[in-house]
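Student: Dropping the structure in here first, questions after.
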Amino acid sequence: MGGQLDLFVPGVVYLDVIFTGLRELPEPGTEVWASGMGSCPGGVANLAVAASRLGLHTGLGTALSSDAYGEFCHQVLSRQEGIDLSASRRVDDWHSPVTVSLAYDRDRSMITHGHPLPTDADGLVNGLPAARSAAVSLAGSGIGWVHQARAAGTMVFADVGWDETDQWSCDVLTALADCHAFLPNAVEAMRYTRTDSPRQALDKLSGLVPVVVVTCGPDGALAVDSGTGEVATVPGVPVDALDPTGAGDVFTAGFITGTLGGWPLADRVAFANLVASLSVQHFGGSLSAPGWGDIADWWQAVRCAAAHRHADATESVLAQRYGFLDDVIPPGRRTAVHRATATIARLSDVQA
């Protein structure tokens, strides 16, 4: 592919196998049938796929095994999703990490198998390609490349994972000095800042990094941009949620898209809320990420509903809040990318 990337994402890719339509979870010694199954790259691939479907030239720095699972992930990421893998490595004699997800009653249970990585996190970066932005998880190891990225003019967007030790050490946040934005969820933000509300956590974190976004699940998100002085509180988009897997990654992809596009803070957060909400209506991490075609379909439906004489208040509010979509949805809706299905039995092309 070549050229400067819009987004570089280093990390571990898992093969995700998702079983859906379960009436119940299996008891010991029993067998249950699932009405649906999907297979797709997971882990850090969730963010990379979500960003690529939104039109960002996305590169992935990872290790992919030469086994059948790794080959499948390589083909889906490169051929189906159009992700640049030139900074990634193919590895022999290493078993691809695999996660099996059982989606049941709007939640999920997971089983994961994996072996130690053949390289550390800095090795996954593999030379740090030129990129307008990059994503990092502060909870991971080997993130020394973040300082180098900032020095090269790359905007780094950070998140942080759950602290299983329950220490919530502020030392984890020291890397924010080299980051452009920090996007924790409300629980993480409050634990790290020792505060009692998302708003208090937002205020405390705003002194550590230029842009802070605290996500609050279906309630939306709070954000502040100390560089511009903008503050935003944006409610979520009401949907019937089926599976939250990967929603945080989709939110981040949407926010990065708006940032690179130079949008106002409130529009960036609203767009991120929207794409995350569209994703939770479908099962599976990267499988659920919407493309511009899905966004255009949603926007057309909202405008039509709001124009109806019996439109309710929610439809009118959504039509007003998301009016900026008229200016950002790419022309040629028929050629816009929609969600794509992926199964280990057959590689599907991206739907148009």
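Just so we're on the same page: first chain in the structure tokens is A, next is B, and so on; residues restart at 1 for each chain, and ligands are numbered from 1 in the order they show up.
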Just asking: which residues within range 89-299 of chain A are helix (DSSP H, G or I) according to DSSP, as a PyMOL selection string?

Tutor: chain A and resi 121-125+145-151+170-178+186-193+198-205+217-219+247-260+265-279+286-288+292-299

Student: When you look at Thr154 in chain A with a cut-off of 6 Å (counting only C-alpha atoms), what residues show up, excluding the ones that are within fewer than 3 positions of it in the same chain? I need them as a list in words.

Tutor: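 The neighbour list is Arg132, Ser133, Ala149 and Arg150 of chain A.
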
Student: In range 71-248 of chain A, what's strand (DSSP E) per DSSP? Answer as a PyMOL selection string?

Tutor: chain A and resi 89-91+98-104+107-113+131-137+155-159+181-182+211-215+221-225+230-234

Student: I want to know what sits within 10 Å of range 182-187 of chain A, based on only C-alpha atoms, with residues of the same chain fewer than 4 positions away left out; could you give that as number ranges by chain?

Tutor: A: 135-138, 156-162, 173, 176, 191-192, 195-199, 201-202, 205-206, 208-217, 221-223, 248, 251-252, 255

Student: CA of Ala313 in chain A and CA of Ala301 in chain A, how far apart in Å?

Tutor: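 One can read the CA of Ala301 in chain A to CA of Ala313 in chain A distance as 15.1 Å.
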
Student: Hey, which of A:Leu287, A:Leu60, A:Val234, A:Ala189 ends up closest to Gly38 in chain A? Count only C-alpha atoms.

Tutor: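 Under the stated criterion, the closest residue is A:Leu287.
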
Student: Considering only C-alpha atoms, state which residue in the set A:Gly254, A:Val13, A:His308, A:Leu325 is at the smallest distance from Gly43 in chain A.

Tutor: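 Among A:Gly254, A:Val13, A:His308, A:Leu325, it is A:Val13 that comes nearest to Gly43 in chain A.
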
Student: I need the residue nearest Asp249 in chain A from this list: A:Pro290, A:Ser109, A:Ala305, A:Arg90. Use only C-alpha atoms for the distance.

Tutor: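 Looking at the shortest contact to Asp249 in chain A, the residue is A:Pro290.
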
Student: Quick one: distance from CA of Ala311 in chain A to CA of Gly258 in chain A in Å, one decimal?

Tutor: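 That distance, rounded to one decimal, is 28.9 Å.
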
Student: With a distance cut-off of 8 Å and only C-alpha atoms, select the neighbouring residues of Thr99 in chain A, excluding the residue or stretch itself and same-chain residues fewer than 4 positions from it, and output the selection as a ChimeraX atom specification.

Tutor: /A:14-17,110-113

Student: Would you save the residues from that selection as a short mmCIF file (atom, residue, chain, number, x, y, z; two decimals), in the first residue's frame, using N, CA and C atoms?

Tutor:
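Below is the file that was written, part15.cif:
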```cif
data_model
loop_
_atom_site.label_atom_id
_atom_site.label_comp_id
_atom_site.auth_asym_id
_atom_site.auth_seq_id
_atom_site.Cartn_x
_atom_site.Cartn_y
_atom_site.Cartn_z
N TYR A 14 -6.12 -11.93 17.84
CA TYR A 14 -6.65 -13.24 18.17
C TYR A 14 -7.57 -13.71 17.05
N LEU A 15 -7.70 -15.00 16.88
CA LEU A 15 -8.78 -15.52 16.07
C LEU A 15 -9.99 -15.65 16.99
N ASP A 16 -11.04 -14.91 16.70
CA ASP A 16 -12.27 -14.96 17.49
C ASP A 16 -13.26 -15.90 16.81
N VAL A 17 -13.80 -16.84 17.55
CA VAL A 17 -14.88 -17.70 17.08
C VAL A 17 -16.08 -17.41 17.96
N MET A 110 -16.26 -16.10 27.55
CA MET A 110 -15.15 -16.32 26.63
C MET A 110 -14.16 -17.34 27.17
N ILE A 111 -13.58 -18.09 26.25
CA ILE A 111 -12.50 -19.02 26.55
C ILE A 111 -11.35 -18.67 25.62
N THR A 112 -10.15 -18.47 26.17
CA THR A 112 -9.00 -18.07 25.35
C THR A 112 -7.84 -19.03 25.56
N HIS A 113 -7.17 -19.33 24.46
CA HIS A 113 -5.95 -20.14 24.50
C HIS A 113 -4.86 -19.41 23.74
#
```

Student: Within 12 Å of range 70-81 of chain A, which residues of range 274-293 of chain A come that close, and what is the closest atom pair and distance in Å for each? Count only C-alpha atoms and give it as JSON lines.

Tutor:
```
{"residue": "A:Ser286", "atom": "CA", "partner": "A:Glu81", "partner_atom": "CA", "distance": 10.1}
{"residue": "A:Leu287", "atom": "CA", "partner": "A:Glu81", "partner_atom": "CA", "distance": 10.7}
{"residue": "A:Ala289", "atom": "CA", "partner": "A:Glu81", "partner_atom": "CA", "distance": 11.2}
{"residue": "A:Gly291", "atom": "CA", "partner": "A:Glu81", "partner_atom": "CA", "distance": 10.8}
```
